[in-house]
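Engineer: So that you have it, the file is work-v8.tsv, and it contains TSV, C-alpha atoms and all ligand atoms:
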chain	number	residue	atom	x	y	z
Y	14	MET	CA	28.26	10.03	-16.47
Y	15	THR	CA	28.12	6.27	-16.74
Y	16	GLU	CA	26.14	4.66	-19.47
Y	17	ILE	CA	23.49	3.62	-16.97
Y	18	ASP	CA	22.92	7.22	-15.83
Y	19	GLN	CA	22.09	8.49	-19.30
Y	20	PRO	CA	18.56	9.76	-19.66
Y	21	ASN	CA	16.13	7.64	-21.64
Y	22	ARG	CA	18.12	4.48	-21.12
Y	23	MET	CA	15.73	1.63	-21.50
Y	24	VAL	CA	15.83	-2.11	-21.18
Y	25	GLY	CA	15.66	-4.29	-24.25
Y	26	PHE	CA	13.11	-6.75	-22.93
Y	27	THR	CA	9.34	-6.77	-23.01
Y	28	ARG	CA	9.08	-9.76	-20.66
Y	29	MET	CA	11.28	-10.32	-17.65
Y	30	ASP	CA	12.36	-13.85	-18.50
Y	31	GLU	CA	14.15	-12.41	-21.53
Y	32	SER	CA	16.09	-9.78	-19.55
Y	33	THR	CA	19.86	-9.57	-19.36
Y	34	LYS	CA	21.91	-8.90	-16.25
Y	35	GLU	CA	22.50	-5.38	-17.59
Y	36	ASP	CA	18.75	-4.85	-18.00
Y	37	ILE	CA	18.12	-5.83	-14.39
Y	38	ALA	CA	20.98	-3.65	-13.18
Y	39	LEU	CA	19.42	-0.74	-15.07
Y	40	ILE	CA	15.93	-1.11	-13.63
Y	41	PHE	CA	17.24	-1.57	-10.09
Y	42	THR	CA	19.34	1.58	-10.44
Y	43	GLU	CA	16.38	3.53	-11.77
Y	44	SER	CA	14.06	2.14	-9.10
Y	45	LYS	CA	16.48	3.13	-6.39
Y	46	LYS	CA	16.63	6.70	-7.69
Y	47	PHE	CA	12.90	7.15	-8.10
Y	48	LEU	CA	11.49	4.99	-5.32
Y	49	ASN	CA	13.93	4.16	-2.52
Y	50	ASP	CA	15.78	7.47	-2.49
Y	51	ARG	CA	12.46	9.34	-2.41
Y	52	LEU	CA	10.98	7.32	0.46
Y	53	VAL	CA	11.20	10.09	3.04
Y	54	ASP	CA	9.40	12.48	0.69
Y	55	THR	CA	6.86	9.78	-0.07
Y	56	MET	CA	6.16	9.31	3.65
Y	57	ILE	CA	5.71	13.06	4.04
Y	58	ASP	CA	3.36	13.05	1.03
Y	59	LEU	CA	1.33	10.26	2.68
Y	60	LEU	CA	1.09	12.29	5.87
Y	61	ASP	CA	0.13	15.39	3.87
Y	62	SER	CA	-2.73	13.39	2.36
Y	63	LEU	CA	-4.26	13.19	5.86
Y	64	GLU	CA	-4.47	16.96	6.07
Y	65	GLY	CA	-7.86	18.66	5.81
Y	66	PRO	CA	-10.99	16.72	6.69
Y	67	THR	CA	-11.43	16.30	10.43
Y	68	LEU	CA	-14.10	13.59	10.09
Y	69	GLY	CA	-15.83	15.00	13.14
Y	70	TYR	CA	-12.75	15.01	15.35
Y	71	GLN	CA	-11.38	18.30	16.71
Y	72	VAL	CA	-8.15	17.81	14.76
Y	73	ASP	CA	-7.42	16.35	11.32
Y	74	ARG	CA	-5.52	13.08	10.97
Y	75	TYR	CA	-2.34	14.93	10.01
Y	76	GLU	CA	-2.41	16.75	13.35
Y	77	HIS	CA	-3.31	13.48	15.08
Y	78	SER	CA	-0.30	11.74	13.54
Y	79	LEU	CA	2.14	14.50	14.49
Y	80	GLN	CA	0.63	14.73	17.95
Y	81	THR	CA	0.95	11.00	18.53
Y	82	ALA	CA	4.60	11.17	17.47
Y	83	SER	CA	5.18	14.27	19.62
Y	84	ARG	CA	3.98	12.44	22.71
Y	85	ALA	CA	6.17	9.43	21.91
Y	86	TYR	CA	9.18	11.67	21.36
Y	87	ARG	CA	8.63	13.70	24.53
Y	88	GLU	CA	8.41	10.51	26.53
Y	89	GLY	CA	11.83	9.52	25.24
Y	90	ALA	CA	10.71	6.68	22.99
Y	91	ARG	CA	13.35	5.31	20.63
Y	92	THR	CA	13.38	6.48	17.03
Y	93	ASP	CA	11.59	3.41	15.65
Y	94	LEU	CA	8.63	3.90	17.95
Y	95	VAL	CA	8.46	7.63	17.25
Y	96	VAL	CA	8.37	6.91	13.51
Y	97	ALA	CA	5.77	4.20	14.16
Y	98	ALA	CA	3.69	6.81	15.97
Y	99	LEU	CA	4.11	9.26	13.12
Y	100	LEU	CA	3.07	6.80	10.42
Y	101	HIS	CA	0.60	4.53	12.22
Y	102	ASP	CA	-2.43	6.01	10.45
Y	103	VAL	CA	-1.04	6.66	6.94
Y	104	GLY	CA	-3.12	3.76	5.65
Y	105	ASP	CA	-6.33	5.62	6.52
Y	106	ALA	CA	-6.97	7.17	3.12
Y	107	MET	CA	-6.42	4.04	1.06
Y	108	ALA	CA	-7.52	1.32	3.47
Y	109	PRO	CA	-10.16	2.56	5.91
Y	110	ALA	CA	-11.20	-1.04	6.64
Y	111	ASN	CA	-7.67	-2.25	7.52
Y	112	HIS	CA	-5.49	0.84	7.77
Y	113	ALA	CA	-3.25	-0.66	10.46
Y	114	GLU	CA	-2.34	-3.59	8.20
Y	115	LEU	CA	-1.43	-1.29	5.34
Y	116	ALA	CA	0.71	0.98	7.50
Y	117	ALA	CA	2.49	-2.04	8.98
Y	118	SER	CA	3.31	-3.31	5.50
Y	119	ILE	CA	4.84	0.04	4.59
Y	120	VAL	CA	7.08	0.26	7.66
Y	121	ARG	CA	7.93	-3.45	8.11
Y	122	PRO	CA	11.13	-3.48	5.98
Y	123	TYR	CA	12.56	-0.52	7.90
Y	124	LEU	CA	11.35	-0.57	11.50
Y	125	ASP	CA	12.24	-3.08	14.20
Y	126	ALA	CA	9.86	-5.97	14.84
Y	127	GLU	CA	8.27	-4.45	17.94
Y	128	SER	CA	7.47	-1.12	16.29
Y	129	THR	CA	6.01	-2.86	13.24
Y	130	TRP	CA	3.89	-5.09	15.49
Y	131	VAL	CA	2.58	-2.04	17.32
Y	132	VAL	CA	1.57	-0.36	14.05
Y	133	GLN	CA	-0.12	-3.55	12.84
Y	134	HIS	CA	-2.13	-4.10	16.02
Y	135	HIS	CA	-2.83	-0.55	17.18
Y	136	GLY	CA	-6.41	-0.62	15.87
Y	137	ILE	CA	-7.57	-3.46	18.11
Y	138	PHE	CA	-5.60	-2.07	21.08
Y	139	GLN	CA	-7.15	1.35	20.49
Y	140	GLY	CA	-10.51	-0.39	20.80
Y	141	TYR	CA	-9.80	-0.90	24.49
Y	142	HIS	CA	-10.53	2.80	24.95
Y	143	TYR	CA	-13.83	3.12	23.10
Y	144	TRP	CA	-15.22	-0.05	21.53
Y	145	ASP	CA	-17.90	-0.41	24.24
Y	146	ARG	CA	-19.59	2.64	22.67
Y	147	LEU	CA	-19.92	0.54	19.51
Y	148	GLY	CA	-21.15	-2.53	21.35
Y	149	LEU	CA	-17.81	-4.25	20.68
Y	150	ASP	CA	-15.50	-6.04	23.09
Y	151	THR	CA	-12.97	-3.61	24.56
Y	152	ASN	CA	-10.88	-6.58	25.61
Y	153	ALA	CA	-10.48	-7.96	22.09
Y	154	ARG	CA	-6.76	-7.21	22.46
Y	155	GLU	CA	-6.52	-9.97	25.08
Y	156	LYS	CA	-5.97	-12.59	22.38
Y	157	PHE	CA	-2.53	-11.03	21.97
Y	158	ARG	CA	-1.72	-11.14	25.70
Y	159	GLY	CA	1.06	-13.65	25.07
Y	160	SER	CA	2.92	-11.35	22.71
Y	161	PRO	CA	6.16	-9.80	23.99
Y	162	TYR	CA	4.91	-6.57	22.41
Y	163	PHE	CA	1.54	-6.46	24.19
Y	164	ASP	CA	2.53	-3.92	26.85
Y	165	THR	CA	4.25	-1.60	24.37
Y	166	CYS	CA	1.21	-1.60	22.11
Y	167	ALA	CA	-1.11	-0.99	25.07
Y	168	HIS	CA	1.09	1.92	26.14
Y	169	PHE	CA	1.28	3.28	22.58
Y	170	CYS	CA	-2.50	3.52	22.44
Y	171	ALA	CA	-3.15	4.62	26.03
Y	172	GLU	CA	-0.53	7.36	26.24
Y	173	TRP	CA	0.15	8.45	22.67
Y	174	ASP	CA	-2.56	7.47	20.18
Y	175	GLN	CA	-5.96	7.64	21.88
Y	176	VAL	CA	-5.16	10.96	23.61
Y	177	SER	CA	-3.90	12.72	20.47
Y	178	PHE	CA	-7.07	14.41	19.32
Y	179	ASP	CA	-6.42	17.59	21.28
Y	180	PRO	CA	-6.21	20.91	19.41
Y	181	ALA	CA	-4.66	22.54	22.51
Y	182	TYR	CA	-1.66	20.19	22.64
Y	183	PRO	CA	1.68	21.72	21.52
Y	184	THR	CA	2.26	19.38	18.60
Y	185	LEU	CA	5.74	19.35	17.06
Y	186	PRO	CA	5.99	20.20	13.33
Y	187	ILE	CA	6.89	17.67	10.65
Y	188	ASP	CA	10.39	19.20	10.31
Y	189	HIS	CA	11.17	17.90	13.77
Y	190	PHE	CA	10.65	14.33	12.60
Y	191	VAL	CA	12.33	14.47	9.18
Y	192	PRO	CA	15.78	13.44	10.51
Y	193	MET	CA	14.16	10.41	12.13
Y	194	LEU	CA	12.35	9.53	8.91
Y	195	ARG	CA	15.66	9.88	7.09
Y	196	GLU	CA	17.41	7.59	9.56
Y	197	VAL	CA	14.76	4.91	9.25
Y	198	PHE	CA	14.12	4.99	5.52
Y	199	THR	CA	17.76	5.00	4.45
Y	200	ARG	CA	18.32	1.66	6.17
Y	201	PRO	CA	18.68	-1.35	3.91
Y	202	ALA	CA	15.21	-2.81	3.52
Y	203	SER	CA	14.73	-6.20	5.10
Y	204	GLY	CA	12.75	-8.96	3.51
Y	205	PHE	CA	13.40	-8.27	-0.19
Y	206	GLY	CA	12.77	-11.47	-2.12
Y	207	ALA	CA	11.06	-13.13	0.85
Y	208	ASP	CA	7.53	-12.91	-0.54
J	1	FE	FE	-5.32	4.02	13.64
J	2	FE	FE	-4.23	7.00	15.51
Let me see whether you can do it: turn the structure in this file into structure tokens.
Structural biologist:
Amino acid sequence: MTEIDQPNRMVGFTRMDESTKEDIALIFTESKKFLNDRLVDTMIDLLDSLEGPTLGYQVDRYEHSLQTASRAYREGARTDLVVAALLHDVGDAMAPANHAELAASIVRPYLDAESTWVVQHHGIFQGYHYWDRLGLDTNAREKFRGSPYFDTCAHFCAEWDQVSFDPAYPTLPIDHFVPMLREVFTRPASGFGAD
């Protein structure tokens, strides 16, 4: 056991501008163990939090998430898009007003740019399929027509997301997607230090 692995090791500082290199090495090691290395479990916990209330739908949001990912997978989508499909609604519980933004922030360091963009914009693209019932513009997505990711996001919603409220669909279980979550969330995170 190295010194840094000993339980109850603690930094000497109470403010970061008084930290030593060893202090920072210690907190990064501890953070990695308790945050980064647990990311897959954390994602599964987030999905689990969607289980239960159906909010009037015929399936709960956990089932919806797995079903969306199942359709992406069965169509042969690449891993990043399948994981995007699985996690696109995990922001629901904490950010009902901007759940797509929250989910995009969670996946951005790990997924490719297209998949992240799809997660971030899926709400307005989903609107194409029902916003007229709310008196809203179903073509609000048109402002993104110039994006290279427009067609993928439109397809994501049309074929995977907006149709995944079906209790009769043979949805794949979470275990099927764990290896994909593991692949994605063990990548080095991009963007650290950029904000
Ligand atoms: Fe959504
Ligand atoms: Fe959704």
Engineer: Using all atoms listed in the file, find the one residue out of Y:Thr165, Y:Thr27, Y:Ser44, Y:Gln175 that sits nearest to ligand FE 2 (chain J).
Structural biologist: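 For ligand FE 2 (chain J), the nearest of the given residues is Y:Gln175.
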Engineer: Using all atoms listed in the file, what are the residues with an atom within 9 Å of ligand FE 2 (chain J), set out as an NGL selection string?
Structural biologist: :Y and (74 or 77-78 or 81 or 98-102 or 135-136 or 139 or 170 or 173-175 or 177-178)
Engineer: Mind pulling up the distance from CA of Gly104 (chain Y) to CA of Met56 (chain Y)?
Structural biologist: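 That distance, rounded to one decimal, is 11.0 Å.
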Engineer: For ligand FE 1 (chain J), which residue out of Y:Thr151, Y:Ser203, Y:Ser62, Y:Gln133 is the nearest one, using only C-alpha atoms and all ligand atoms?
Structural biologist: Y:Gln133
Engineer: Mind giving me the straight-line distance from CA of Ala108 (chain Y) to CA of Asp58 (chain Y) in Å, one decimal?
Structural biologist: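 So the two atoms, CA of Ala108 (chain Y) and CA of Asp58 (chain Y), lie 16.2 Å apart.
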Engineer: Measuring between all atoms listed in the file, which one of Y:Phe41, Y:Phe169, Y:Phe163, Y:Phe47 shows the shortest distance to ligand FE 1 (chain J)?
Structural biologist: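 Checking each candidate against ligand FE 1 (chain J), we get Y:Phe169 as the closest.
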Engineer: Could you check which of Y:Thr67, Y:Thr42, Y:Asn49, Y:Thr55 is closest to Pro180 (chain Y), using all atoms listed in the file?
Structural biologist: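 Closest to Pro180 (chain Y) of all the choices is Y:Thr67.
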Engineer: Counting only C-alpha atoms and all ligand atoms, which residue out of Y:Ser128, Y:Thr184, Y:Ser160, Y:Asn111 sits closest to ligand FE 1 (chain J)?
Structural biologist: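 Going through Y:Ser128, Y:Thr184, Y:Ser160, Y:Asn111 one by one, the smallest distance to ligand FE 1 (chain J) is for Y:Asn111.
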Engineer: Quick one: pull the distance between CA of Thr92 (chain Y) and CA of Arg121 (chain Y), Å, one decimal.
Structural biologist: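 Straight-line distance from CA of Thr92 (chain Y) to CA of Arg121 (chain Y) works out to 14.4 Å.
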Engineer: Box in all listed atoms of region 145-153 of chain Y, axis-aligned, with 4 Å more on each side; write out centre and edge lengths in Å to one decimal as JSON.
Structural biologist:
{"center_x": -15.8, "center_y": -2.7, "center_z": 22.6, "size_x": 18.7, "size_y": 18.6, "size_z": 14.1}
